[in-house]
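**Student:** Below you will find the structure I want to go over with you.
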Amino acid sequence: MKSAPHISASVMKFFISYCRRRVRRDFHGLRILKNGLPSCDRDRPLVVYFNHASWWDPLVCLLLARDFFPERSAFGPIDSEMLERYGIFKRLGFFGIDPSLRGTRNFLRITHDLLADPQSSVWLSPQGRFADVRDRPLRLQDGLGALAAREPDAAFVPLAIEYPFWTEPRPEILLSFGEPIVPGRSSVRTVEAWTRVFTGALETTQDKVAAASCRRDAAEWLEVNCGKSGVNGIYDAWRWLRARLRGEKFNPEHPTAATR
């Protein structure tokens, strides 16, 4: 039987700092839609479920948990084999699961115990695999629906994540939270029906991010973490010199739709 996950405050502090450095180094910026900020009740347990776009998802979710829900302890399931391979995650609130029926039961038991604390949050990727953000229809595992049937007082919040390229050589991290869903306020009862409800809510949130991503209007987004800009030394040196000759301030960023 799996034990409850553990969070080491010192390890978490170190790893959050590491995540911020990686985002600044490898991305142009981490942005969240201004009309996609979280709006859930702070006095009830929280389940954030997100599309599984890339290897970066757990790191991004750790930053979001710290920046937007600092008062909450954040936990999340991870493949048992991966947890053994990357042992540091054992001290960051992650707990191992496997795809068997017993693994599903352990997931529901551990998550239920965690959500007994209204200041806890659990972050899930119910697709169970890496999937392109354009895949439709989404296919979510029934474990999320089973969790809703057991947790009527929790707020279930969809989170859409994309990693597109805009005008810089490094990609963006684009995010949006969806509207919270509290099972106890709904007439939905079956696991299958809850899976359909959550699938539709996540698709809607992903479509909103996709449409805003295509517009490339920086004014629609709140920049949470700023990364690197510019192309390369020679090209940017010429742009810097040209700006100096014109008496202008040099900006290494390329203009987006909002600044053209």
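Order determines the names: the first chain of the structure tokens is A, the second B, and so forth; residues in each chain are numbered 1 upward, and ligands are numbered 1 upward as they are shown.
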Per residue of segment 57-170 of chain A within 10 Å of segment 190-200 of chain A, what are the shortest atom pair and its distance in Å to one decimal, counting only C-alpha atoms, with rows by chain and residue number, as CSV?
**Tutor:**
```
residue,atom,partner,partner_atom,distance
A:Pro126,CA,A:Thr199,CA,9.6
A:Gln127,CA,A:Thr199,CA,9.8
A:Pro137,CA,A:Thr199,CA,8.4
A:Leu138,CA,A:Thr199,CA,6.4
A:Arg139,CA,A:Thr199,CA,7.3
A:Leu140,CA,A:Thr199,CA,6.5
A:Gln141,CA,A:Thr195,CA,7.5
A:Asp142,CA,A:Thr195,CA,6.0
A:Gly143,CA,A:Val191,CA,8.3
A:Leu144,CA,A:Thr195,CA,6.6
A:Gly145,CA,A:Val191,CA,4.6
A:Ala146,CA,A:Val191,CA,5.1
A:Leu147,CA,A:Val191,CA,8.3
A:Ala148,CA,A:Trp194,CA,6.9
A:Ala149,CA,A:Val191,CA,6.4
A:Arg150,CA,A:Val191,CA,9.7
A:Phe156,CA,A:Phe198,CA,8.4
A:Val157,CA,A:Phe198,CA,8.8
A:Pro158,CA,A:Phe198,CA,7.5
```
**Student:** Next, write the just-selected residues to a file, as an mmCIF file, in the first residue's frame, keeping N, CA and C atoms as the atom set.
**Tutor:**
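Okay, again-v1.cif is ready:
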```
data_model
loop_
_atom_site.group_PDB
_atom_site.id
_atom_site.type_symbol
_atom_site.label_atom_id
_atom_site.label_comp_id
_atom_site.auth_asym_id
_atom_site.auth_seq_id
_atom_site.Cartn_x
_atom_site.Cartn_y
_atom_site.Cartn_z
ATOM 1 N N PRO A 126 -4.846 13.792 -16.464
ATOM 2 C CA PRO A 126 -5.674 12.595 -16.680
ATOM 3 C C PRO A 126 -5.594 12.004 -18.076
ATOM 4 N N GLN A 127 -4.877 12.641 -19.008
ATOM 5 C CA GLN A 127 -4.652 11.994 -20.296
ATOM 6 C C GLN A 127 -3.752 10.770 -20.143
ATOM 7 N N PRO A 137 -11.233 14.328 -30.234
ATOM 8 C CA PRO A 137 -11.606 14.719 -28.881
ATOM 9 C C PRO A 137 -10.541 14.308 -27.859
ATOM 10 N N LEU A 138 -10.524 15.013 -26.743
ATOM 11 C CA LEU A 138 -9.640 14.600 -25.667
ATOM 12 C C LEU A 138 -10.102 13.252 -25.110
ATOM 13 N N ARG A 139 -9.148 12.514 -24.612
ATOM 14 C CA ARG A 139 -9.468 11.227 -23.977
ATOM 15 C C ARG A 139 -8.872 11.234 -22.580
ATOM 16 N N LEU A 140 -9.737 11.440 -21.593
ATOM 17 C CA LEU A 140 -9.310 11.483 -20.198
ATOM 18 C C LEU A 140 -9.621 10.150 -19.530
ATOM 19 N N GLN A 141 -8.745 9.730 -18.647
ATOM 20 C CA GLN A 141 -8.961 8.490 -17.922
ATOM 21 C C GLN A 141 -10.074 8.647 -16.898
ATOM 22 N N ASP A 142 -10.776 7.539 -16.619
ATOM 23 C CA ASP A 142 -11.939 7.601 -15.736
ATOM 24 C C ASP A 142 -11.576 7.834 -14.272
ATOM 25 N N GLY A 143 -10.274 7.769 -13.947
ATOM 26 C CA GLY A 143 -9.902 8.024 -12.559
ATOM 27 C C GLY A 143 -10.313 9.407 -12.091
ATOM 28 N N LEU A 144 -10.299 10.377 -13.008
ATOM 29 C CA LEU A 144 -10.719 11.737 -12.645
ATOM 30 C C LEU A 144 -12.208 11.770 -12.341
ATOM 31 N N GLY A 145 -13.004 11.090 -13.167
ATOM 32 C CA GLY A 145 -14.444 11.020 -12.902
ATOM 33 C C GLY A 145 -14.742 10.295 -11.608
ATOM 34 N N ALA A 146 -14.000 9.228 -11.317
ATOM 35 C CA ALA A 146 -14.192 8.495 -10.066
ATOM 36 C C ALA A 146 -13.845 9.370 -8.867
ATOM 37 N N LEU A 147 -12.837 10.222 -9.033
ATOM 38 C CA LEU A 147 -12.455 11.125 -7.948
ATOM 39 C C LEU A 147 -13.576 12.128 -7.664
ATOM 40 N N ALA A 148 -14.202 12.649 -8.726
ATOM 41 C CA ALA A 148 -15.299 13.607 -8.542
ATOM 42 C C ALA A 148 -16.460 12.974 -7.796
ATOM 43 N N ALA A 149 -16.735 11.706 -8.090
ATOM 44 C CA ALA A 149 -17.841 11.023 -7.421
ATOM 45 C C ALA A 149 -17.583 10.856 -5.928
ATOM 46 N N ARG A 150 -16.295 10.880 -5.535
ATOM 47 C CA ARG A 150 -15.931 10.686 -4.124
ATOM 48 C C ARG A 150 -15.660 12.000 -3.400
ATOM 49 N N PHE A 156 -12.837 21.345 -8.874
ATOM 50 C CA PHE A 156 -12.064 20.782 -9.979
ATOM 51 C C PHE A 156 -11.871 21.876 -11.029
ATOM 52 N N VAL A 157 -10.620 22.211 -11.323
ATOM 53 C CA VAL A 157 -10.312 23.332 -12.195
ATOM 54 C C VAL A 157 -9.471 22.857 -13.382
ATOM 55 N N PRO A 158 -9.963 23.044 -14.620
ATOM 56 C CA PRO A 158 -9.142 22.686 -15.785
ATOM 57 C C PRO A 158 -8.025 23.703 -16.000
#
```
**Student:** Can you tell me, as a PyMOL selection string, what residues are no more than 12 Å from segment 35-43 of chain A when counting only C-alpha atoms, ignoring any on the same chain fewer than 5 positions away?
**Tutor:** chain A and resi 48+64-65+67-72+115-121+153-161+174-182+204-206+208-209+212+219-224
**Student:** Taking the DSSP secondary structure from the backbone, can you list the residues of segment 2-239 of chain A that are strand (DSSP E), as a PDB file with C-alpha atoms, in the first residue's frame?
**Tutor:**
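Output (out04.pdb):
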```pdb
ATOM      1  CA  GLY A  29       8.346  33.763 -21.070  1.00  0.00           C
ATOM      2  CA  LEU A  30       5.600  32.112 -19.057  1.00  0.00           C
ATOM      3  CA  ARG A  31       2.275  33.848 -19.694  1.00  0.00           C
ATOM      4  CA  ILE A  32      -1.238  33.329 -18.355  1.00  0.00           C
ATOM      5  CA  LEU A  33      -4.356  34.756 -19.971  1.00  0.00           C
ATOM      6  CA  LEU A  46      -8.601  21.934  -5.013  1.00  0.00           C
ATOM      7  CA  VAL A  47      -8.024  19.553  -7.907  1.00  0.00           C
ATOM      8  CA  VAL A  48      -6.267  21.050 -10.936  1.00  0.00           C
ATOM      9  CA  TYR A  49      -6.332  18.802 -14.002  1.00  0.00           C
ATOM     10  CA  PHE A  50      -4.373  19.691 -17.127  1.00  0.00           C
ATOM     11  CA  SER A  73       0.233  22.274  -0.136  1.00  0.00           C
ATOM     12  CA  ALA A  74       0.479  20.871  -3.674  1.00  0.00           C
ATOM     13  CA  PHE A  75       0.597  17.147  -4.475  1.00  0.00           C
ATOM     14  CA  GLY A  76       0.506  15.096  -7.642  1.00  0.00           C
ATOM     15  CA  PRO A  77       0.632  11.504  -8.896  1.00  0.00           C
ATOM     16  CA  ILE A  78       3.482  10.293 -11.076  1.00  0.00           C
ATOM     17  CA  ASP A  79       4.318   6.970 -12.689  1.00  0.00           C
ATOM     18  CA  PHE A  94       4.606  13.473  -5.687  1.00  0.00           C
ATOM     19  CA  PHE A  95       3.299   9.954  -5.098  1.00  0.00           C
ATOM     20  CA  GLY A  96       3.705   6.895  -7.301  1.00  0.00           C
ATOM     21  CA  ILE A  97       0.874   5.213  -9.189  1.00  0.00           C
ATOM     22  CA  SER A 120      -4.521  20.939  -0.047  1.00  0.00           C
ATOM     23  CA  SER A 121      -4.346  20.851  -3.832  1.00  0.00           C
ATOM     24  CA  VAL A 122      -3.819  17.885  -6.140  1.00  0.00           C
ATOM     25  CA  TRP A 123      -2.549  18.385  -9.702  1.00  0.00           C
ATOM     26  CA  LEU A 124      -3.394  15.719 -12.288  1.00  0.00           C
ATOM     27  CA  ALA A 155     -13.210  22.373  -6.702  1.00  0.00           C
ATOM     28  CA  PHE A 156     -12.064  20.782  -9.979  1.00  0.00           C
ATOM     29  CA  VAL A 157     -10.312  23.332 -12.195  1.00  0.00           C
ATOM     30  CA  PRO A 158      -9.142  22.686 -15.785  1.00  0.00           C
ATOM     31  CA  LEU A 159      -5.758  24.059 -16.822  1.00  0.00           C
ATOM     32  CA  ALA A 160      -4.669  24.407 -20.460  1.00  0.00           C
ATOM     33  CA  ILE A 161      -0.943  24.477 -21.306  1.00  0.00           C
ATOM     34  CA  GLU A 162       0.759  25.201 -24.641  1.00  0.00           C
ATOM     35  CA  GLU A 172       6.423  30.643 -24.945  1.00  0.00           C
ATOM     36  CA  ILE A 173       4.625  28.850 -22.119  1.00  0.00           C
ATOM     37  CA  LEU A 174       0.960  29.831 -22.456  1.00  0.00           C
ATOM     38  CA  LEU A 175      -1.621  28.986 -19.791  1.00  0.00           C
ATOM     39  CA  SER A 176      -5.187  29.485 -18.747  1.00  0.00           C
ATOM     40  CA  PHE A 177      -7.307  28.160 -15.903  1.00  0.00           C
ATOM     41  CA  TRP A 221      -1.454  37.916 -21.217  1.00  0.00           C
ATOM     42  CA  LEU A 222       0.035  38.372 -17.767  1.00  0.00           C
ATOM     43  CA  GLU A 223       3.759  37.566 -17.839  1.00  0.00           C
ATOM     44  CA  VAL A 224       4.585  35.470 -14.788  1.00  0.00           C
ATOM     45  CA  ASN A 225       8.198  34.581 -15.598  1.00  0.00           C
ATOM     46  CA  CYS A 226      10.308  36.474 -18.117  1.00  0.00           C
TER      47      CYS A 226
END
```
**Student:** Find the distance between atom CA of His112 of chain A and atom CA of Arg185 of chain A and write it in Å to one decimal.
**Tutor:** 18.7 Å
**Student:** Which residues come within 10 Å of Cys214 of chain A, counting only C-alpha atoms, excluding same-chain residues fewer than 3 positions away, as a list in words?
**Tutor:**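 Non-adjacent residues within range: Pro164, Trp166, Val209, Ala210, Ala211, Asp217 and Ala257 of chain A.
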**Student:** How would the residues just chosen look if you wrote them out with N, CA and C atoms as a PDB file, in the first residue's frame?
**Tutor:**
```pdb
ATOM      1  N   PRO A 164       4.030  27.171 -27.603  1.00  0.00           N
ATOM      2  CA  PRO A 164       4.222  27.568 -29.005  1.00  0.00           C
ATOM      3  C   PRO A 164       5.402  28.526 -29.182  1.00  0.00           C
ATOM      4  N   TRP A 166       6.412  32.094 -30.873  1.00  0.00           N
ATOM      5  CA  TRP A 166       5.868  33.325 -31.423  1.00  0.00           C
ATOM      6  C   TRP A 166       6.936  33.966 -32.319  1.00  0.00           C
ATOM      7  N   VAL A 209      -7.072  29.104 -25.140  1.00  0.00           N
ATOM      8  CA  VAL A 209      -5.634  29.375 -25.205  1.00  0.00           C
ATOM      9  C   VAL A 209      -5.149  29.347 -26.652  1.00  0.00           C
ATOM     10  N   ALA A 210      -5.631  28.365 -27.414  1.00  0.00           N
ATOM     11  CA  ALA A 210      -5.201  28.243 -28.813  1.00  0.00           C
ATOM     12  C   ALA A 210      -5.578  29.482 -29.620  1.00  0.00           C
ATOM     13  N   ALA A 211      -6.801  29.971 -29.421  1.00  0.00           N
ATOM     14  CA  ALA A 211      -7.243  31.153 -30.167  1.00  0.00           C
ATOM     15  C   ALA A 211      -6.413  32.375 -29.791  1.00  0.00           C
ATOM     16  N   ASP A 217      -1.179  38.493 -29.208  1.00  0.00           N
ATOM     17  CA  ASP A 217      -1.332  39.828 -28.634  1.00  0.00           C
ATOM     18  C   ASP A 217      -0.865  39.789 -27.181  1.00  0.00           C
ATOM     19  N   ALA A 257       1.944  41.092 -32.194  1.00  0.00           N
ATOM     20  CA  ALA A 257       0.826  41.804 -32.804  1.00  0.00           C
ATOM     21  C   ALA A 257       0.441  43.048 -32.024  1.00  0.00           C
TER      22      ALA A 257
END
```
**Student:** In segment 38-246 of chain A, what's alpha helix (DSSP H) per DSSP? Answer as number ranges by chain?
**Tutor:** A: 57-68, 80-85, 101-115, 142-150, 191-215, 233-245
**Student:** Enter the distance from atom CA of Ile7 of chain A to atom CA of Leu83 of chain A, in Å, rounded to one decimal.
**Tutor:**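 Atom CA of Leu83 of chain A lies 14.2 Å from atom CA of Ile7 of chain A.
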